[in-house]
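First the structure, in the form of structure tokens, and then the observations on it.
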Amino acid sequence: MTKVLIIAEHDGEKLNSSTAKALTCGLDIGADAVEIAVFGAEGSHGVADQAANLVGVSRVLLLARAENSKPVSAVLAPQIAELAGDYSHVLAPSTTFGKDLMPRVAALLDLPSVTDVMKVISADTFERPIYAGNAIDTVKLPDGISTMIGTARPASFKAAAEGGSASVEAVETNATLPSHSRYVELRQQVSDRPDLQSAAKVVSGGRGVGSSENFAVIFSLADKLGAGAGASRAAVDAGFVPNDMQVGQTGKVIAPDLYIACGISGAIQHLAGIKDAGTIVAINSDADAPIFEVADLGMVGDLFELLPALEKALG
Amino acid sequence: MKILVGIKRVVDYNVRIRVKPDGSGVVTDGVKMSMNPFDEIAVEEALQIKERGECDEIIVISIGAKQSQEQLRTALAMGADRGVHVLVDEQIEPLTASKAILSVAQSEGVDLILLGKQAIDDDNNQTAQMVAALWDRPQATFASELAFTDGKVTAVREVDAGLEVLEVDLPAVISVDLRLNEPRYVKLPDMMKAKKKTIDVKSLEDLGVTSGAGVTSLGVRAPEGRQAGIKVETVEELVKELQARGLVND
Ligand SMILES: Cc1cc2nc3c(=O)[nH]c(=O)nc-3n(C[C@H](O)[C@H](O)[C@H](O)COP(=O)(O)OP(=O)(O)OC[C@H]3O[C@@H](n4cnc5c(N)ncnc54)[C@H](O)[C@@H]3O)c2cc1C
Ligand SMILES: Nc1ncnc2c1ncn2[C@@H]1O[C@H](COP(=O)(O)O)[C@@H](O)[C@H]1O
């Protein structure tokens, strides 16, 4: 019997949209049942209810205890390893949360782990990107493996719909939890803009934007479009914007309907993060910038003139 | 403190990757190979810790073909003290690499293992987490800032939501992100000096590691490429094209 367990990602209050995408990957396996595990502080019912509301979920397991209030992999992994025996597949979203967690679970079980599943070929065969997405590898699990452990690439799967009604069951494990790893805090810049990873539209700026102050032109266009705001690594490294805005191989991999790259040259590591975008628009003063090789709509010119003009033309 | 740093030999990040026509992998013949960029950052961090007087010895380890010694030499030229080369000819899985790294870490009695956040060939992002699990020790992945005090490390981690601060006890495994530091350049005299440093060659067998069953590749293909679209001359034209695609309101 194939039975899939999805590890929910959330911030204590809201289920992260990547969970619903990992669920779709789980459903693609064609399992007899797909369940979601929610690890959280005592009284994490809100998140569990949101998970139960996703279409296709058969059951939600709620593992609520004080130690689970923050996502510390060294604490969560032994609990997941204990649950894994009942499942043919255990998947988390391929986010910093899932990537930190699942290899630790796999090693506790002496199993391999499959990072960044982008397509399910069969219950034991999956496609995943390698070399920053410049090649796609089809990998098969070894025969007779007890459980497939891996992460599902959010940009490759549509979020499962809402409107389900699975039951929520409180579950406890006997795992001994370590005290050697302590969560201190999350430093987060609050923004009213749509979340980069689920936004339908994203406007990004690169080194060409020049400074932190100049990023106002990017934010202004993003707000006009109701878009999320992103950046190249060069812009983050230069300190123009915080790291959570980085798009690319080592930043966020996103798939918005519309991606507008401004003052970004189009290095392969950046392109790795936007390969699945619907329409790519590039605004760059250098007509030979590699970004134009992948852009659906390209415009050569100075972003400081074009972006305000574009905003105006949008009415 | 004794530090072990993992070094993987990978296709240089500037190389344009081509998939072999028979789908057996990507072209690596005649292609520039380098130290995984994240591993350079791990070496640099170890050197800075040593220069602050908080570390006595830096050992670098690479598991791979004979040529991996070139990357170990580079790390020795940067300033690492000695190398361990685990000679394997076939591709190995992160789980096997983890066991080899841990075996050396334990026999050397290291307090800290510094690895890259991911190897840019397979983009697995697994090894540090696996070593930590097998060792039953803490992990602090994707670190962009580290501070060491009384047997503890405070790590600032680059996570999707921003920067997470995690405090872990030593010994620990840390995987490094790009913004942790700027690796130093290797000068020619350093390269010469590095020739005198020792590299111990071992086999997986010497380390008591058996290469377990891992995933097998059924074939590699090129991704669906994106084609260059059109160039527009005016913002009005751009808006019209966006409207035609239903991406902005008419
Ligand atoms: C291991 C590794 C991982 C990496 N991961 C990532 C990643 O995840 N994401 C990422 O983005 N990068 C990543 N990089 C870095 C990547 O290789 C590039 O260095 C980076 O993407 C370049 O950023 P950029 O395009 O903003 O800067 P540049 O390449 O400097 O390009 C700036 C562009 O702005 C244009 N410009 C300048 N002024 C104007 C103006 N006034 N109007 C219009 N255009 C203008 C220029 O023509 C130029 O094309 C990684 C690198 C390595 C080695
Ligand atoms: N064969 C190897 N030899 C030495 N270090 C390795 C090897 N494979 C992985 N590592 C280390 O583990 C990190 C993450 O690799 P990976 O989990 O394969 O993405 C790398 O940056 C290296 O520091």
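Labels for the structure tokens follow display order: chains A, B, ..., residues from 1 in each chain, ligands from 1.
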Environment of ligand 2 within 6 Å, counting only C-alpha atoms and all ligand atoms, reported as an MDAnalysis selection string: chainID B and resid 6:8 38:39 61:64 94 97 115:119 123:128
Nearby residues, ligand 1, 9 Å, only C-alpha atoms and all ligand atoms, as a ChimeraX atom specification: /A:132,205-210,231-236,246-253,261-273,283-291,300-306 /B:12-14,36-38,118-120,178
Which of segment 79-176 of chain A DSSP labels strand (DSSP E or B), written as a ChimeraX atom specification: /A:89-93,113-117,119-122,125-130,135-140,148-152,162,167-170
Each residue of chain B with at least one atom at most 7 Å from chain A should appear once, together with its nearest atom pair and the corresponding distance in Å (one decimal); atoms considered: only C-alpha atoms; ordering: chain, then increasing residue number; output as JSON lines.
```
{"residue": "B:Ile17", "atom": "CA", "partner": "A:Asn134", "partner_atom": "CA", "distance": 6.3}
{"residue": "B:Val19", "atom": "CA", "partner": "A:Ala135", "partner_atom": "CA", "distance": 6.6}
{"residue": "B:Leu95", "atom": "CA", "partner": "A:Pro112", "partner_atom": "CA", "distance": 6.2}
{"residue": "B:Ile120", "atom": "CA", "partner": "A:Tyr131", "partner_atom": "CA", "distance": 5.9}
{"residue": "B:Asp121", "atom": "CA", "partner": "A:Tyr131", "partner_atom": "CA", "distance": 4.8}
{"residue": "B:Asp122", "atom": "CA", "partner": "A:Ile130", "partner_atom": "CA", "distance": 4.9}
{"residue": "B:Asp123", "atom": "CA", "partner": "A:Ile130", "partner_atom": "CA", "distance": 5.7}
{"residue": "B:Asn124", "atom": "CA", "partner": "A:Thr115", "partner_atom": "CA", "distance": 5.8}
{"residue": "B:Asn125", "atom": "CA", "partner": "A:Lys99", "partner_atom": "CA", "distance": 6.9}
{"residue": "B:Gln126", "atom": "CA", "partner": "A:Pro103", "partner_atom": "CA", "distance": 5.2}
{"residue": "B:Gln129", "atom": "CA", "partner": "A:Arg104", "partner_atom": "CA", "distance": 5.0}
{"residue": "B:Met130", "atom": "CA", "partner": "A:Arg104", "partner_atom": "CA", "distance": 5.0}
{"residue": "B:Ala133", "atom": "CA", "partner": "A:Arg104", "partner_atom": "CA", "distance": 5.3}
{"residue": "B:Leu134", "atom": "CA", "partner": "A:Ala107", "partner_atom": "CA", "distance": 6.3}
{"residue": "B:Pro138", "atom": "CA", "partner": "A:Ser181", "partner_atom": "CA", "distance": 5.9}
{"residue": "B:Thr141", "atom": "CA", "partner": "A:Asp100", "partner_atom": "CA", "distance": 6.7}
{"residue": "B:Val159", "atom": "CA", "partner": "A:Thr96", "partner_atom": "CA", "distance": 5.5}
{"residue": "B:Asp160", "atom": "CA", "partner": "A:Asp244", "partner_atom": "CA", "distance": 5.5}
{"residue": "B:Ala161", "atom": "CA", "partner": "A:Asp244", "partner_atom": "CA", "distance": 6.1}
{"residue": "B:Gly162", "atom": "CA", "partner": "A:Gln188", "partner_atom": "CA", "distance": 4.9}
{"residue": "B:Leu163", "atom": "CA", "partner": "A:Arg187", "partner_atom": "CA", "distance": 5.0}
{"residue": "B:Glu164", "atom": "CA", "partner": "A:Leu186", "partner_atom": "CA", "distance": 4.4}
{"residue": "B:Val165", "atom": "CA", "partner": "A:Val184", "partner_atom": "CA", "distance": 5.2}
{"residue": "B:Leu166", "atom": "CA", "partner": "A:Tyr183", "partner_atom": "CA", "distance": 4.7}
{"residue": "B:Glu167", "atom": "CA", "partner": "A:Arg182", "partner_atom": "CA", "distance": 5.0}
{"residue": "B:Val168", "atom": "CA", "partner": "A:Ser181", "partner_atom": "CA", "distance": 4.5}
{"residue": "B:Asp169", "atom": "CA", "partner": "A:His180", "partner_atom": "CA", "distance": 5.3}
{"residue": "B:Arg179", "atom": "CA", "partner": "A:Asp237", "partner_atom": "CA", "distance": 7.0}
{"residue": "B:Ala213", "atom": "CA", "partner": "A:Pro142", "partner_atom": "CA", "distance": 6.0}
{"residue": "B:Gly214", "atom": "CA", "partner": "A:Pro112", "partner_atom": "CA", "distance": 5.8}
{"residue": "B:Val215", "atom": "CA", "partner": "A:Leu141", "partner_atom": "CA", "distance": 4.6}
{"residue": "B:Thr216", "atom": "CA", "partner": "A:Lys140", "partner_atom": "CA", "distance": 5.3}
{"residue": "B:Ser217", "atom": "CA", "partner": "A:Val139", "partner_atom": "CA", "distance": 4.5}
{"residue": "B:Leu218", "atom": "CA", "partner": "A:Thr138", "partner_atom": "CA", "distance": 5.4}
{"residue": "B:Gly219", "atom": "CA", "partner": "A:Thr138", "partner_atom": "CA", "distance": 5.6}
{"residue": "B:Val220", "atom": "CA", "partner": "A:Asp137", "partner_atom": "CA", "distance": 4.4}
{"residue": "B:Arg221", "atom": "CA", "partner": "A:Ile136", "partner_atom": "CA", "distance": 5.2}
{"residue": "B:Ala222", "atom": "CA", "partner": "A:Ala135", "partner_atom": "CA", "distance": 4.8}
{"residue": "B:Pro223", "atom": "CA", "partner": "A:Ala135", "partner_atom": "CA", "distance": 5.7}
{"residue": "B:Arg226", "atom": "CA", "partner": "A:Val294", "partner_atom": "CA", "distance": 5.4}
{"residue": "B:Gln227", "atom": "CA", "partner": "A:Val294", "partner_atom": "CA", "distance": 5.5}
{"residue": "B:Ala228", "atom": "CA", "partner": "A:Glu293", "partner_atom": "CA", "distance": 4.5}
{"residue": "B:Gly229", "atom": "CA", "partner": "A:Asp296", "partner_atom": "CA", "distance": 3.9}
{"residue": "B:Ile230", "atom": "CA", "partner": "A:Leu297", "partner_atom": "CA", "distance": 5.3}
{"residue": "B:Lys231", "atom": "CA", "partner": "A:Gly298", "partner_atom": "CA", "distance": 4.5}
{"residue": "B:Val232", "atom": "CA", "partner": "A:Met299", "partner_atom": "CA", "distance": 5.4}
{"residue": "B:Glu233", "atom": "CA", "partner": "A:Met299", "partner_atom": "CA", "distance": 6.4}
{"residue": "B:Val235", "atom": "CA", "partner": "A:Leu310", "partner_atom": "CA", "distance": 5.5}
{"residue": "B:Glu236", "atom": "CA", "partner": "A:Ala313", "partner_atom": "CA", "distance": 6.3}
{"residue": "B:Val239", "atom": "CA", "partner": "A:Leu314", "partner_atom": "CA", "distance": 6.8}
{"residue": "B:Leu247", "atom": "CA", "partner": "A:Leu258", "partner_atom": "CA", "distance": 6.9}
```
Spatial neighbours of Gln139 of chain B, max dist 6 Å, only C-alpha atoms, sep filter under 4 positions, as a ChimeraX atom specification: /B:132,172-174
Gly43 of chain A surroundings by only C-alpha atoms, 12 Å radius, close-in-sequence under 4 positions cut, as a ChimeraX atom specification: /A:12-13,38-39,47-49,62-66,68-69,170
Secondary structure check, helix (DSSP H, G or I) residues of segment 10-176 of chain A, as JSON, numbers by chain: {"A": [17, 18, 19, 20, 21, 22, 23, 24, 25, 26, 27, 28, 45, 46, 47, 48, 49, 50, 51, 52, 66, 67, 68, 69, 73, 74, 75, 76, 77, 78, 79, 80, 81, 82, 83, 84, 96, 97, 98, 99, 100, 101, 102, 103, 104, 105, 106, 107, 108, 131, 132, 133, 154, 155, 156]}
Pairwise distance for atom CA of Lys21 of chain A and atom CA of Gly163 of chain A, rounded to one decimal in Å: 15.2 Å
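Reported to one decimal place, the separation of atom CA of Val88 of chain B from atom CA of Ala65 of chain B is 5.5 Å.
Nearest-residue note for Gly212 of chain B: choosing from B:Ile92, B:Glu182, B:Thr154, B:Val110, the minimum distance belongs to B:Ile92, counting only C-alpha atoms.
Of note, atom CA of Thr24 of chain A and atom CA of Ala84 of chain A are spaced 19.2 Å apart.
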Contacts of Leu27 of chain A at 12 Å (only C-alpha atoms; same-chain gap of 2+ positions) as a ChimeraX atom specification: /A:2-6,20-25,29-36,54-58,89,91,119-120,122-123,152,157-160
